[in-house]
Structure formats: C-alpha cells, structure tokens
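The next block is target-v6.cif, given as mmCIF, C-alpha atoms.
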data_target
loop_
_atom_site.label_atom_id
_atom_site.label_comp_id
_atom_site.auth_asym_id
_atom_site.auth_seq_id
_atom_site.Cartn_x
_atom_site.Cartn_y
_atom_site.Cartn_z
CA MET A 172 -181.35 -2.40 109.28
CA GLY A 173 -185.07 -2.66 110.01
CA VAL A 174 -185.22 -6.15 108.54
CA ILE A 175 -182.24 -7.28 110.63
CA LEU A 176 -183.77 -5.92 113.83
CA LEU A 177 -187.09 -7.60 113.07
CA LEU A 178 -185.37 -10.95 112.40
CA MET A 179 -183.41 -10.56 115.63
CA THR A 180 -186.67 -9.88 117.47
CA ILE A 181 -188.35 -12.98 116.03
CA LEU A 182 -185.32 -15.15 116.80
CA GLY A 183 -185.06 -13.64 120.27
CA ALA A 184 -188.74 -14.33 120.94
CA ALA A 185 -188.28 -17.97 119.96
CA CYS A 186 -185.21 -18.33 122.20
CA ALA A 187 -186.97 -16.56 125.07
CA THR A 188 -189.94 -18.91 124.77
CA VAL A 189 -187.68 -21.97 124.97
CA ALA A 190 -185.70 -20.48 127.87
CA LEU A 191 -188.87 -19.56 129.74
CA ALA A 192 -190.28 -23.05 129.31
CA PHE A 193 -187.00 -24.52 130.58
CA ALA A 194 -186.96 -22.17 133.58
CA ILE A 195 -190.53 -23.05 134.52
CA PHE A 196 -189.94 -26.78 134.08
CA THR A 197 -186.77 -26.72 136.22
CA LYS A 198 -188.31 -24.23 138.68
CA ARG A 199 -185.46 -21.74 138.29
CA THR A 200 -187.23 -18.60 139.43
CA GLY A 201 -184.25 -16.27 139.05
CA PHE A 202 -183.54 -17.41 135.49
CA ARG A 203 -187.23 -17.13 134.61
CA ASN A 204 -187.41 -13.56 135.88
CA SER A 205 -184.27 -12.63 133.93
CA VAL A 206 -185.75 -14.00 130.71
CA VAL A 207 -189.02 -12.10 131.23
CA VAL A 208 -187.27 -8.83 132.07
CA GLY A 209 -184.93 -9.18 129.10
CA ALA A 210 -187.78 -9.90 126.67
CA ILE A 211 -189.83 -6.95 127.95
CA ALA A 212 -186.83 -4.62 127.74
CA TRP A 213 -186.13 -5.61 124.13
CA CYS A 214 -189.78 -5.14 123.13
CA VAL A 215 -189.87 -1.71 124.75
CA LEU A 216 -186.67 -0.62 122.98
CA TYR A 217 -187.97 -1.96 119.67
CA ALA A 218 -191.26 -0.11 120.08
CA ILE A 219 -189.43 3.12 120.94
CA ALA A 220 -187.26 2.80 117.82
CA LEU A 221 -190.29 1.98 115.65
CA VAL A 222 -192.42 4.88 116.82
CA GLY A 223 -189.51 7.28 117.18
CA LEU A 224 -188.23 6.87 113.63
CA SER A 225 -191.76 7.12 112.28
CA PHE A 226 -192.42 10.40 114.06
CA LEU A 227 -189.04 11.76 112.93
CA SER A 228 -189.73 10.87 109.30
CA GLU A 229 -190.94 13.55 106.91
CA PRO A 230 -193.12 13.21 103.80
CA SER A 231 -191.41 13.66 100.45
CA THR A 232 -192.62 14.24 96.92
CA ILE A 233 -190.96 12.65 93.90
CA ALA A 234 -190.96 14.72 90.72
CA MET A 235 -192.74 13.61 87.57
CA ASN A 236 -190.81 11.00 85.53
CA GLN A 237 -188.78 10.06 88.60
CA PRO A 238 -189.40 6.57 90.05
CA LYS A 239 -190.64 5.39 93.39
CA VAL A 240 -189.01 2.11 94.42
CA PHE A 241 -190.88 -0.93 95.76
CA CYS A 242 -188.97 -3.68 97.54
CA GLY A 243 -190.17 -7.26 97.22
CA PHE A 244 -189.35 -9.38 100.26
CA TYR A 245 -187.77 -6.16 101.64
CA ILE A 246 -184.49 -6.91 99.82
CA ASP A 247 -184.88 -7.07 96.03
CA CYS A 248 -185.85 -3.49 95.20
CA HIS A 249 -186.40 -3.92 91.46
CA LEU A 250 -189.95 -2.66 90.92
CA HIS A 251 -190.52 1.02 90.18
CA ALA A 252 -193.46 3.29 89.42
CA SER A 253 -193.44 6.84 88.10
CA VAL A 254 -195.90 9.42 86.86
CA THR A 255 -195.11 10.27 83.24
CA ASP A 256 -198.05 12.51 82.35
CA VAL A 257 -201.15 14.19 83.72
CA ARG A 258 -203.92 15.53 81.52
CA LYS A 259 -207.14 17.16 82.61
CA SER A 260 -210.63 17.04 81.15
CA LYS A 261 -214.18 17.90 82.19
CA SER A 262 -215.50 14.75 80.59
CA ILE A 263 -214.44 11.23 79.62
CA GLY A 264 -216.79 9.50 77.22
CA ASN A 265 -220.29 10.01 78.55
CA LEU A 266 -219.08 10.83 82.07
CA THR A 267 -218.84 14.40 83.35
CA ALA A 268 -216.59 15.28 86.27
CA ARG A 269 -217.94 16.92 89.40
CA GLY A 270 -214.76 18.97 89.34
CA GLU A 271 -212.14 18.01 86.77
CA PHE A 272 -210.86 14.62 85.69
CA ASN A 273 -207.13 14.19 86.22
CA VAL A 274 -205.93 11.35 84.00
CA VAL A 275 -202.63 10.18 85.49
CA THR A 276 -200.31 7.99 83.42
CA VAL A 277 -198.38 5.63 85.67
CA ARG A 278 -195.38 3.77 84.28
CA VAL A 279 -194.39 0.52 86.02
CA PHE A 280 -191.05 -1.09 85.24
CA SER A 281 -188.45 -3.50 86.58
CA ASP A 282 -184.66 -3.25 86.57
CA ALA A 283 -184.00 -6.86 87.58
CA ARG A 284 -180.83 -8.25 86.03
CA ASP A 285 -182.56 -11.38 84.77
CA PRO A 286 -184.96 -10.30 81.98
CA SER A 287 -186.87 -13.58 82.23
CA ILE A 288 -188.09 -12.88 85.78
CA SER A 289 -191.67 -11.60 86.03
CA MET A 290 -192.50 -9.30 88.92
CA ARG A 291 -195.61 -7.39 89.91
CA LEU A 292 -196.98 -5.00 92.47
CA LEU A 293 -198.93 -6.87 95.14
CA GLU A 294 -202.49 -5.59 95.40
CA PRO A 295 -201.45 -2.00 94.66
CA SER A 296 -203.65 0.87 95.78
CA ALA A 297 -203.52 4.43 94.47
CA ARG A 298 -205.06 7.60 95.85
CA VAL A 299 -204.46 11.33 95.59
CA LEU A 300 -203.78 13.67 98.48
CA ASP A 301 -204.26 17.37 97.80
CA GLY A 302 -202.80 20.45 99.46
CA ARG A 303 -205.69 20.67 101.92
CA GLY A 304 -205.06 17.13 103.12
CA LEU A 305 -208.15 15.72 101.41
CA ILE A 306 -207.92 12.18 100.01
CA HIS A 307 -209.38 11.34 96.61
CA GLN A 308 -209.99 7.79 95.39
CA ARG A 309 -209.75 6.48 91.84
CA ASP A 310 -212.69 6.86 89.46
CA THR A 311 -212.70 3.32 88.11
CA GLU A 312 -215.78 3.93 85.95
CA ALA A 313 -213.96 6.64 84.01
CA GLU A 314 -210.89 4.41 83.71
CA LYS A 315 -212.97 1.78 81.89
CA LEU A 316 -213.47 4.27 79.05
CA LEU A 317 -209.74 4.82 78.45
CA PRO A 318 -207.45 2.96 76.01
CA SER A 319 -205.53 1.38 78.91
CA ALA A 320 -208.68 -0.07 80.48
CA THR A 321 -207.40 -3.64 80.04
CA VAL A 322 -204.08 -2.83 81.72
CA SER A 323 -203.82 -3.46 85.47
CA LEU A 324 -201.36 -1.98 87.93
CA ASP A 325 -200.71 -5.45 89.32
CA GLN A 326 -199.96 -7.20 86.05
CA ASP A 327 -196.60 -8.90 85.47
CA VAL A 328 -193.67 -6.82 84.29
CA LYS A 329 -190.22 -7.87 83.09
CA THR A 330 -187.01 -5.96 82.55
CA ASN A 331 -187.18 -3.88 79.35
CA GLU A 332 -190.93 -4.56 79.17
CA PRO A 333 -192.53 -1.70 81.11
CA PHE A 334 -196.21 -0.89 80.88
CA GLU A 335 -198.32 2.22 81.40
CA LYS A 336 -201.70 2.51 83.01
CA GLU A 337 -203.97 5.58 83.03
CA ILE A 338 -205.75 6.06 86.34
CA VAL A 339 -208.38 8.74 86.90
CA PHE A 340 -209.21 11.04 89.79
CA ASP A 341 -212.09 13.50 89.88
CA LEU A 342 -210.52 16.43 91.70
CA PRO A 343 -212.19 19.69 92.77
CA ASP A 344 -211.50 22.70 90.58
CA ASP A 345 -209.68 24.40 93.44
CA ALA A 346 -207.46 21.40 94.29
CA PHE A 347 -203.76 22.22 94.51
CA ALA A 348 -200.46 20.48 95.28
CA ALA A 349 -202.02 17.16 94.28
CA ARG A 350 -199.76 14.15 94.73
CA LEU A 351 -200.21 10.45 94.13
CA ASP A 352 -199.79 7.87 96.87
CA ILE A 353 -199.15 4.34 95.59
CA SER A 354 -198.71 1.49 98.03
CA GLU A 355 -198.68 -2.28 97.78
CA ALA A 356 -198.60 -5.51 99.84
CA TYR A 357 -201.28 -7.71 101.33
CA GLY A 358 -202.09 -9.88 104.31
CA ILE A 359 -199.02 -10.84 106.31
CA ASP A 360 -196.88 -8.41 104.30
CA LYS A 361 -198.92 -5.47 105.58
CA PHE A 362 -198.55 -6.67 109.16
CA ILE A 363 -194.79 -7.16 108.83
CA GLU A 364 -194.28 -3.76 107.22
CA ALA A 365 -196.40 -2.12 109.93
CA ILE A 366 -193.85 -3.18 112.56
CA LEU A 367 -190.74 -2.87 110.38
CA ILE A 368 -188.54 -0.05 111.68
CA GLY A 369 -187.94 2.65 109.09
CA ASP A 370 -190.28 1.20 106.45
CA GLU A 371 -192.59 3.62 104.64
CA ASP A 372 -195.58 1.47 105.58
CA SER A 373 -194.65 1.14 109.25
CA LEU A 374 -196.94 2.65 111.87
CA TRP A 375 -197.23 6.45 111.58
CA HIS A 376 -194.34 6.69 109.08
CA ALA A 377 -194.39 9.55 106.56
CA ARG A 378 -195.25 8.71 102.95
CA LYS A 379 -193.36 9.13 99.67
CA TYR A 380 -195.64 10.70 97.08
CA LEU A 381 -195.48 11.11 93.31
CA SER A 382 -196.06 14.66 92.13
CA LEU A 383 -198.88 15.36 89.68
CA GLU A 384 -197.48 18.77 88.79
CA LYS A 385 -195.20 19.17 85.79
CA ASN A 386 -191.80 20.73 86.30
CA ASN A 387 -192.09 20.20 90.03
CA PRO A 388 -188.62 19.65 91.55
CA LYS A 389 -188.02 16.73 93.88
CA LEU A 390 -188.61 17.83 97.47
#

Would you mind writing the file out in structure tokens?
Amino acid sequence: MGVILLLMTILGAACATVALAFAIFTKRTGFRNSVVVGAIAWCVLYAIALVGLSFLSEPSTIAMNQPKVFCGFYIDCHLHASVTDVRKSKSIGNLTARGEFNVVTVRVFSDARDPSISMRLLEPSARVLDGRGLIHQRDTEAEKLLPSATVSLDQDVKTNEPFEKEIVFDLPDDAFAARLDISEAYGIDKFIEAILIGDEDSLWHARKYLSLEKNNPKL
C-alpha cells in the first residue's frame, strides 16, 4: 500500500505541475488555485499518514534462527537474514575485549524461485542495541581474525547457496536484552524508504530486531 500511495503522489505531482503551468499560461486563476489547494491537501494527508503510522508502530524482536525479510525494489522480498548463533569470549586472537566479545553468526539466504539469480544486501549496516538503549557498533578489527573474515554481508547470494558471516560486538559485561539491527539500502533508496508509508526505514518508524539471546521467543 505504501508503494502505491507513493507512486500516486509522484504521478499526482507531475500532473499538478502540468496543470499549474497550463493555468498560469492561460491565466485561469480559479483553476490555478484549485490545483494548488488540491496538491497541498494531498501532501498534508500523506504526511499525516506517514508520521501517524510511524508513531503507531512498535518495535519487535525476531527470535534466533528466524529470518528478517528484506525487500528489493519494495516488491521482491526474497532476501533474508537470521542470527544462528552467538558465542562470547574475552579475547579474539591478540585482542582483548573491554567488556566481552559477542561473536554473532549471521546467515544470509535467498528464496527466489530462479536459482540462477544473484541477489545481495545493498550496503548493509549492523549494530547492536542493548536493554538500556545504548548502541554498539561492530568491532571490525576483531572480525578480521575470524575464519569468516573474507566473507562480506553484501556479497552475492543465490537460492540454495546461503552464506554465514561472523560479526563482532564488544559489549559491556552488564549488557542485557541485546538485539541486532540490520538495515540496508543506499542513496536514493534511503530517501525513498524514508518517505514510504509503513516501511521500517520510514521516518520515526519502529525497528525489527534480531534477538541475540538463545531460546528467546518471538515478541
């Protein structure tokens, strides 16, 4: 529905521009005012729907081994990512954690019908949010010391050819309710999703997280 409304808005803006130019050229003041009022009214209603649905949305946490879905071009939702394991250690190689290293195994897979099609996450980012609301970024130096160092979250994936990548977070010893936030998209995609009604990446919309706690039910 969000995609349809956005397309209607773009098409309406194009039609309004043409109509406004025609009204100005033919000096039809009444028609011009109607076009302006109509365009403003639509934009206001769209903004209300965008912000309203975002504020009504609630964050959710997906249990371990359950997938989060990513939709390419907002239609073909074939890419998935899930957390399959979390192990903890005070050290990795010659590196010692300030708190405790959480090595998170992320599985990326596709369920596209055509097994010859390669897909990938677009400039994916991953961070951890803990129960206190603190955000923790990846420890890329520690990741270089792991067996999956050559694997990238944005590498190509085909149906029946999933891959796993270990990503590392140095979390405080007292961290709790840690959950992984993975997002993707770049450039114009980020802008479009920011104004797409009901999209997880739209303005102020609640996030869908991946749990880092074993045996945690889906919330």

Could you write out as a PDB file with C-alpha atoms, in the coordinates of the input the residues that the PyMOL selection byres ((chain A and resi 315-331) around 7) matches in the shown file?
ATOM      1  CA  GLY A 264    -216.790   9.500  77.220  1.00  0.00           C
ATOM      2  CA  PHE A 280    -191.050  -1.090  85.240  1.00  0.00           C
ATOM      3  CA  SER A 281    -188.450  -3.500  86.580  1.00  0.00           C
ATOM      4  CA  ASP A 282    -184.660  -3.250  86.570  1.00  0.00           C
ATOM      5  CA  ALA A 283    -184.000  -6.860  87.580  1.00  0.00           C
ATOM      6  CA  PRO A 286    -184.960 -10.300  81.980  1.00  0.00           C
ATOM      7  CA  SER A 287    -186.870 -13.580  82.230  1.00  0.00           C
ATOM      8  CA  ILE A 288    -188.090 -12.880  85.780  1.00  0.00           C
ATOM      9  CA  SER A 289    -191.670 -11.600  86.030  1.00  0.00           C
ATOM     10  CA  MET A 290    -192.500  -9.300  88.920  1.00  0.00           C
ATOM     11  CA  ARG A 291    -195.610  -7.390  89.910  1.00  0.00           C
ATOM     12  CA  LEU A 292    -196.980  -5.000  92.470  1.00  0.00           C
ATOM     13  CA  LEU A 293    -198.930  -6.870  95.140  1.00  0.00           C
ATOM     14  CA  GLU A 294    -202.490  -5.590  95.400  1.00  0.00           C
ATOM     15  CA  PRO A 295    -201.450  -2.000  94.660  1.00  0.00           C
ATOM     16  CA  THR A 311    -212.700   3.320  88.110  1.00  0.00           C
ATOM     17  CA  GLU A 312    -215.780   3.930  85.950  1.00  0.00           C
ATOM     18  CA  ALA A 313    -213.960   6.640  84.010  1.00  0.00           C
ATOM     19  CA  GLU A 314    -210.890   4.410  83.710  1.00  0.00           C
ATOM     20  CA  GLU A 332    -190.930  -4.560  79.170  1.00  0.00           C
ATOM     21  CA  PRO A 333    -192.530  -1.700  81.110  1.00  0.00           C
ATOM     22  CA  LYS A 336    -201.700   2.510  83.010  1.00  0.00           C
ATOM     23  CA  GLU A 337    -203.970   5.580  83.030  1.00  0.00           C
TER      24      GLU A 337
END

**Study point:** Separation of CA of Val254 in chain A from CA of Ser354 in chain A, in Å and rounded to one decimal
**Key:** 14.0 Å

Review point. Counting all atoms listed in the file, which of A:Cys242, A:Asn236, A:Leu266, A:Val277 gets nearest to Phe334 in chain A?
Key: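 Ranking A:Cys242, A:Asn236, A:Leu266, A:Val277 by distance to Phe334 in chain A, first place goes to A:Val277.
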
Review point. Which is closest to Ala268 in chain A among A:Phe241, A:Phe340, A:Tyr217, A:Phe202, if we use all atoms listed in the file?
Key: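 Between A:Phe241, A:Phe340, A:Tyr217, A:Phe202, the residue approaching Ala268 in chain A most closely is A:Phe340.
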
Review point. What is the distance between CA of Leu383 in chain A and CA of Arg258 in chain A, in Å to one decimal?
Key: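 If I compute the distance from CA of Leu383 in chain A to CA of Arg258 in chain A, I get 9.6 Å.
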
Practice item. Might you pull out every residue within 12 Å of Ser382 in chain A, with all atoms listed in the file counted and same-chain residues fewer than 5 positions away left off, and present them as a ChimeraX atom specification? Key: /A:231-239,252-257,275-277,299-302,347-353,387-390

Hey, can you spit out that residue selection with C-alpha atoms as a short mmCIF file (atom, residue, chain, number, x, y, z; two decimals), keeping the file's coordinate frame?
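What landed in again-v1.cif:
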data_model
loop_
_atom_site.label_atom_id
_atom_site.label_comp_id
_atom_site.auth_asym_id
_atom_site.auth_seq_id
_atom_site.Cartn_x
_atom_site.Cartn_y
_atom_site.Cartn_z
CA SER A 231 -191.41 13.66 100.45
CA THR A 232 -192.62 14.24 96.92
CA ILE A 233 -190.96 12.65 93.90
CA ALA A 234 -190.96 14.72 90.72
CA MET A 235 -192.74 13.61 87.57
CA ASN A 236 -190.81 11.00 85.53
CA GLN A 237 -188.78 10.06 88.60
CA PRO A 238 -189.40 6.57 90.05
CA LYS A 239 -190.64 5.39 93.39
CA ALA A 252 -193.46 3.29 89.42
CA SER A 253 -193.44 6.84 88.10
CA VAL A 254 -195.90 9.42 86.86
CA THR A 255 -195.11 10.27 83.24
CA ASP A 256 -198.05 12.51 82.35
CA VAL A 257 -201.15 14.19 83.72
CA VAL A 275 -202.63 10.18 85.49
CA THR A 276 -200.31 7.99 83.42
CA VAL A 277 -198.38 5.63 85.67
CA VAL A 299 -204.46 11.33 95.59
CA LEU A 300 -203.78 13.67 98.48
CA ASP A 301 -204.26 17.37 97.80
CA GLY A 302 -202.80 20.45 99.46
CA PHE A 347 -203.76 22.22 94.51
CA ALA A 348 -200.46 20.48 95.28
CA ALA A 349 -202.02 17.16 94.28
CA ARG A 350 -199.76 14.15 94.73
CA LEU A 351 -200.21 10.45 94.13
CA ASP A 352 -199.79 7.87 96.87
CA ILE A 353 -199.15 4.34 95.59
CA ASN A 387 -192.09 20.20 90.03
CA PRO A 388 -188.62 19.65 91.55
CA LYS A 389 -188.02 16.73 93.88
CA LEU A 390 -188.61 17.83 97.47
#

Practice item. Would you kindly translate the PyMOL selection byres ((chain A and resi 365-368) around 12) into the concrete residues it picks from this file, as JSON, numbers by chain? Key: {"A": [172, 173, 174, 175, 176, 177, 178, 179, 180, 181, 214, 216, 217, 218, 219, 220, 221, 222, 223, 224, 225, 226, 227, 228, 245, 356, 357, 358, 359, 360, 361, 362, 363, 364, 369, 370, 371, 372, 373, 374, 375, 376]}

Exercise for review: Take CA of Ile263 in chain A and CA of Val339 in chain A and report the distance between them in Å, one decimal.
Suggested key: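 Those two atoms sit 9.8 Å apart.
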
If you apply the PyMOL selection byres ((chain A and resi 270) around 9) to this file, what residues do you get, as a JSON list (two decimals) with C-alpha atoms, in the frame of the given file?
[["chain", "number", "residue", "atom", "x", "y", "z"],
["A", 261, "LYS", "CA", -214.18, 17.90, 82.19],
["A", 267, "THR", "CA", -218.84, 14.40, 83.35],
["A", 268, "ALA", "CA", -216.59, 15.28, 86.27],
["A", 269, "ARG", "CA", -217.94, 16.92, 89.40],
["A", 271, "GLU", "CA", -212.14, 18.01, 86.77],
["A", 272, "PHE", "CA", -210.86, 14.62, 85.69],
["A", 341, "ASP", "CA", -212.09, 13.50, 89.88],
["A", 342, "LEU", "CA", -210.52, 16.43, 91.70],
["A", 343, "PRO", "CA", -212.19, 19.69, 92.77],
["A", 344, "ASP", "CA", -211.50, 22.70, 90.58],
["A", 345, "ASP", "CA", -209.68, 24.40, 93.44]]

Size and centre in Å, one decimal, axis-aligned box, all listed range 298-309 of chain A atoms plus 3 Å per side, as JSON:
{"center_x": -206.4, "center_y": 13.6, "center_z": 97.5, "size_x": 13.2, "size_y": 20.2, "size_z": 17.3}
